[in-house]
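Notes for the one structure printed next.
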Amino acid sequence: PATVKGKKVPPYSGPTIDTFITDFGRSDLLKFMKKFWVSQGSSDASFWAHEFSKHGTCFSTFDTKCYSDYKEHEDVINFFDTVSRAYLKYPTYTWLENAQIVPSNTMTYTLSAIEGALREGSGATPYLGCKGSTLTEVWYYSHAKGQVQDVDLVPVEATDKSKCPESGIRYPERKQGSERL
């Protein structure tokens, strides 16, 4: 679980996130999440609950006290809508492909090449996470102008050093089921 001001935030438990999204009539958002937010180790609903518990509780603008006419679970909808729109602002796969860095089960890449391609696209160097030599995650850092819900993001350099080797980084082809079409 996440901590906010040193206080542990308990994992979310309750109705599934997709219930709230459906109740708000946001089938477009749910369709997007089912395509791009696919869990590899648990149900999508459990993964989404984890994401909201860990990340949605860190932004003061998602605090229900910040809403002038709050509707129950509006903060949850706003969080997933905001993150989905931010995802579209950072087309990682496209930026890598533009630098001839493509998924492959035989090729490997250098840390500097991957960071350079993503810095070129985003305007700042992101954090890259690897398990062994396999690229598993990319974290973009940014400052929000105004409320984060506006997705007016200013890229900033990662504050954490990438946890990937300098060379021999694998960027494997996707496995069946990692993205739903």
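Following the order of the structure tokens, chains are lettered A, B, ..., residues in each are numbered from 1, and ligands are numbered from 1.
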Could you build a table of the residues in region 60-138 of chain A lying no more than 10 Å from region 35-48 of chain A, giving for each the nearest pair of atoms and their separation in Å rounded to one decimal place, using only C-alpha atoms, ordered by chain and ascending residue number, as a tab-separated table?
residue	atom	partner	partner_atom	distance
A:Phe80	CA	A:Trp48	CA	8.8
A:Ser84	CA	A:Phe36	CA	8.8
A:Tyr87	CA	A:Phe36	CA	9.4
Resulting file, chosen residues, N, CA and C atoms, as a tab-separated table (two decimals), in the first residue's frame:
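That gives us part_29.tsv:
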chain	number	residue	atom	x	y	z
A	80	PHE	N	-8.91	7.66	-13.35
A	80	PHE	CA	-8.68	6.78	-14.49
A	80	PHE	C	-8.77	7.53	-15.82
A	84	SER	N	-5.49	7.81	-18.25
A	84	SER	CA	-5.65	7.35	-19.63
A	84	SER	C	-5.26	8.44	-20.61
A	87	TYR	N	-1.50	8.81	-20.55
A	87	TYR	CA	-0.89	7.71	-21.32
A	87	TYR	C	-0.79	8.08	-22.81
*Using only C-alpha atoms, which residues sit within 8 Å of Val102 (chain A) once same-chain residues fewer than 6 positions away are excluded, as a PyMOL selection string?*
chain A and resi 93+96+171
_For region 141-145 of chain A: contacts at 9 Å, only C-alpha atoms, fewer than 4 positions along chain excluded, given as a list in words_ =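 Contacts, with the query itself left out: Ala124, Thr125, Pro126, Tyr127, Gln149, Asp150, Val151, Asp152, Leu153, Val154, Pro155, Val156, Glu157, Ala158 and Thr159 of chain A.
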*Of the candidates A:Pro91, A:Asp160, A:Glu166, A:Ile17, which shows the shortest atom-to-atom distance to Met33 (chain A), using only C-alpha atoms?*
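Closest to Met33 (chain A), using only C-alpha atoms: A:Ile17.
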*May I have all residues of region 142-179 of chain A that DSSP, computed from the backbone, assigns to strand (DSSP E or B), given as a PyMOL selection string?*
chain A and resi 142-144+153-156+163+169-170
Using all heavy atoms, can you export the residues from the last selection as a PDB file, in the first residue's frame?
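Okay, part29.pdb is ready:
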ATOM      1  N   SER A 142       6.632  14.456 -14.300  1.00  0.00           N
ATOM      2  CA  SER A 142       6.165  15.736 -14.812  1.00  0.00           C
ATOM      3  C   SER A 142       5.585  16.573 -13.685  1.00  0.00           C
ATOM      4  O   SER A 142       5.253  16.060 -12.614  1.00  0.00           O
ATOM      5  CB  SER A 142       5.113  15.533 -15.902  1.00  0.00           C
ATOM      6  OG  SER A 142       4.032  14.771 -15.421  1.00  0.00           O
ATOM      7  N   HIS A 143       5.484  17.844 -13.954  1.00  0.00           N
ATOM      8  CA  HIS A 143       4.763  18.768 -13.078  1.00  0.00           C
ATOM      9  C   HIS A 143       3.467  19.097 -13.796  1.00  0.00           C
ATOM     10  O   HIS A 143       3.450  19.248 -15.031  1.00  0.00           O
ATOM     11  CB  HIS A 143       5.561  20.051 -12.845  1.00  0.00           C
ATOM     12  CG  HIS A 143       6.794  19.854 -12.025  1.00  0.00           C
ATOM     13  ND1 HIS A 143       6.759  19.540 -10.680  1.00  0.00           N
ATOM     14  CD2 HIS A 143       8.099  19.912 -12.353  1.00  0.00           C
ATOM     15  CE1 HIS A 143       7.992  19.426 -10.223  1.00  0.00           C
ATOM     16  NE2 HIS A 143       8.834  19.627 -11.222  1.00  0.00           N
ATOM     17  N   ALA A 144       2.401  19.222 -13.045  1.00  0.00           N
ATOM     18  CA  ALA A 144       1.117  19.588 -13.627  1.00  0.00           C
ATOM     19  C   ALA A 144       0.910  21.087 -13.466  1.00  0.00           C
ATOM     20  O   ALA A 144       1.148  21.639 -12.394  1.00  0.00           O
ATOM     21  CB  ALA A 144      -0.018  18.831 -12.942  1.00  0.00           C
ATOM     22  N   LEU A 153       0.807  18.844 -18.641  1.00  0.00           N
ATOM     23  CA  LEU A 153       1.983  18.299 -17.973  1.00  0.00           C
ATOM     24  C   LEU A 153       3.271  18.862 -18.551  1.00  0.00           C
ATOM     25  O   LEU A 153       3.429  18.939 -19.762  1.00  0.00           O
ATOM     26  CB  LEU A 153       1.978  16.777 -18.095  1.00  0.00           C
ATOM     27  CG  LEU A 153       0.708  16.072 -17.606  1.00  0.00           C
ATOM     28  CD1 LEU A 153       0.769  14.582 -17.925  1.00  0.00           C
ATOM     29  CD2 LEU A 153       0.500  16.304 -16.128  1.00  0.00           C
ATOM     30  N   VAL A 154       4.183  19.222 -17.654  1.00  0.00           N
ATOM     31  CA  VAL A 154       5.502  19.715 -18.047  1.00  0.00           C
ATOM     32  C   VAL A 154       6.503  18.621 -17.689  1.00  0.00           C
ATOM     33  O   VAL A 154       6.659  18.280 -16.509  1.00  0.00           O
ATOM     34  CB  VAL A 154       5.845  21.022 -17.306  1.00  0.00           C
ATOM     35  CG1 VAL A 154       7.241  21.496 -17.676  1.00  0.00           C
ATOM     36  CG2 VAL A 154       4.800  22.088 -17.596  1.00  0.00           C
ATOM     37  N   PRO A 155       7.180  18.038 -18.676  1.00  0.00           N
ATOM     38  CA  PRO A 155       8.127  16.954 -18.397  1.00  0.00           C
ATOM     39  C   PRO A 155       9.291  17.430 -17.529  1.00  0.00           C
ATOM     40  O   PRO A 155       9.780  18.549 -17.706  1.00  0.00           O
ATOM     41  CB  PRO A 155       8.632  16.529 -19.770  1.00  0.00           C
ATOM     42  CG  PRO A 155       7.791  17.230 -20.767  1.00  0.00           C
ATOM     43  CD  PRO A 155       7.114  18.366 -20.095  1.00  0.00           C
ATOM     44  N   VAL A 156       9.716  16.580 -16.596  1.00  0.00           N
ATOM     45  CA  VAL A 156      10.910  16.833 -15.787  1.00  0.00           C
ATOM     46  C   VAL A 156      11.747  15.563 -15.767  1.00  0.00           C
ATOM     47  O   VAL A 156      11.239  14.464 -15.989  1.00  0.00           O
ATOM     48  CB  VAL A 156      10.570  17.285 -14.342  1.00  0.00           C
ATOM     49  CG1 VAL A 156       9.825  18.612 -14.346  1.00  0.00           C
ATOM     50  CG2 VAL A 156       9.779  16.236 -13.598  1.00  0.00           C
ATOM     51  N   LYS A 163      16.933   1.455 -13.515  1.00  0.00           N
ATOM     52  CA  LYS A 163      17.409   0.181 -12.979  1.00  0.00           C
ATOM     53  C   LYS A 163      17.533  -0.849 -14.102  1.00  0.00           C
ATOM     54  O   LYS A 163      16.933  -1.906 -14.059  1.00  0.00           O
ATOM     55  CB  LYS A 163      16.442  -0.329 -11.911  1.00  0.00           C
ATOM     56  CG  LYS A 163      16.300   0.583 -10.711  1.00  0.00           C
ATOM     57  CD  LYS A 163      16.860  -0.049  -9.486  1.00  0.00           C
ATOM     58  CE  LYS A 163      16.619   0.663  -8.192  1.00  0.00           C
ATOM     59  NZ  LYS A 163      16.731   2.054  -8.105  1.00  0.00           N
ATOM     60  N   ILE A 169      19.908  -4.722 -23.136  1.00  0.00           N
ATOM     61  CA  ILE A 169      18.524  -4.636 -22.658  1.00  0.00           C
ATOM     62  C   ILE A 169      17.593  -5.296 -23.671  1.00  0.00           C
ATOM     63  O   ILE A 169      17.605  -4.967 -24.857  1.00  0.00           O
ATOM     64  CB  ILE A 169      18.106  -3.176 -22.416  1.00  0.00           C
ATOM     65  CG1 ILE A 169      18.992  -2.559 -21.332  1.00  0.00           C
ATOM     66  CG2 ILE A 169      16.630  -3.098 -22.028  1.00  0.00           C
ATOM     67  CD1 ILE A 169      18.771  -1.070 -21.131  1.00  0.00           C
ATOM     68  N   ARG A 170      16.797  -6.203 -23.159  1.00  0.00           N
ATOM     69  CA  ARG A 170      15.804  -6.890 -23.988  1.00  0.00           C
ATOM     70  C   ARG A 170      14.494  -6.105 -23.958  1.00  0.00           C
ATOM     71  O   ARG A 170      14.053  -5.656 -22.905  1.00  0.00           O
ATOM     72  CB  ARG A 170      15.563  -8.309 -23.460  1.00  0.00           C
ATOM     73  CG  ARG A 170      16.805  -9.201 -23.540  1.00  0.00           C
ATOM     74  CD  ARG A 170      16.527 -10.631 -23.075  1.00  0.00           C
ATOM     75  NE  ARG A 170      15.590 -11.270 -24.010  1.00  0.00           N
ATOM     76  CZ  ARG A 170      14.331 -11.605 -23.696  1.00  0.00           C
ATOM     77  NH1 ARG A 170      13.850 -11.424 -22.501  1.00  0.00           N
ATOM     78  NH2 ARG A 170      13.548 -12.168 -24.596  1.00  0.00           N
TER      79      ARG A 170
END
Applying 10 Å and only C-alpha atoms, which residues near Phe20 (chain A) remain after dropping the ones on its own chain fewer than 3 positions away? List them as an mmCIF file with C-alpha atoms, in the first residue's frame.
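So result_30.cif came out as:
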data_model
loop_
_atom_site.group_PDB
_atom_site.id
_atom_site.type_symbol
_atom_site.label_atom_id
_atom_site.label_comp_id
_atom_site.auth_asym_id
_atom_site.auth_seq_id
_atom_site.Cartn_x
_atom_site.Cartn_y
_atom_site.Cartn_z
ATOM 1 C CA PRO A 15 -17.280 -2.815 -5.530
ATOM 2 C CA THR A 16 -15.134 -3.216 -8.628
ATOM 3 C CA ILE A 17 -13.838 -0.098 -10.378
ATOM 4 C CA ASP A 23 -22.520 3.857 -13.478
ATOM 5 C CA PHE A 24 -21.006 7.114 -14.775
ATOM 6 C CA GLY A 25 -21.821 6.083 -18.366
ATOM 7 C CA ARG A 26 -18.139 6.009 -19.330
ATOM 8 C CA LEU A 30 -13.821 1.194 -19.674
ATOM 9 C CA GLU A 72 -19.821 9.547 -5.147
ATOM 10 C CA HIS A 73 -16.863 7.878 -6.938
ATOM 11 C CA GLU A 74 -16.297 10.883 -9.212
ATOM 12 C CA VAL A 76 -12.200 7.397 -9.145
ATOM 13 C CA ILE A 77 -13.550 8.199 -12.614
#
*Using CA of Glu120 (chain A) and CA of Lys89 (chain A) as the two end points, give the distance in Å to one decimal.*
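Between these atoms lies a distance of 13.6 Å.
Of note, CA of Cys130 (chain A) and CA of Ser162 (chain A) are spaced 8.3 Å apart.
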*Determine which residues of chain A DSSP labels as helix (DSSP H, G or I) from the backbone of this structure, then write them out as a ChimeraX atom specification.*
/A:17-23,27-36,44-56,60-62,64-66,74-89,92-98,111-122,148-150
*Would you mind telling me which residue in A:Asn98, A:Thr92, A:Thr57, A:Ser27 lies nearest to Asp75 (chain A) when using only C-alpha atoms?*
A:Thr57
_Distance of CA of Lys8 (chain A) from CA of Thr136 (chain A), expressed in Å to one decimal place_ =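 Taking CA of Thr136 (chain A) and CA of Lys8 (chain A), their separation equals 26.4 Å.
Nearest residue to Leu135 (chain A), choosing from A:Cys164, A:Leu88, A:Cys66, A:Met107 and counting only C-alpha atoms: A:Cys164.
Proximity ranking of A:Pro165, A:Gly14, A:Gly56, A:Pro172 relative to Leu128 (chain A) places A:Pro165 first, based on only C-alpha atoms.
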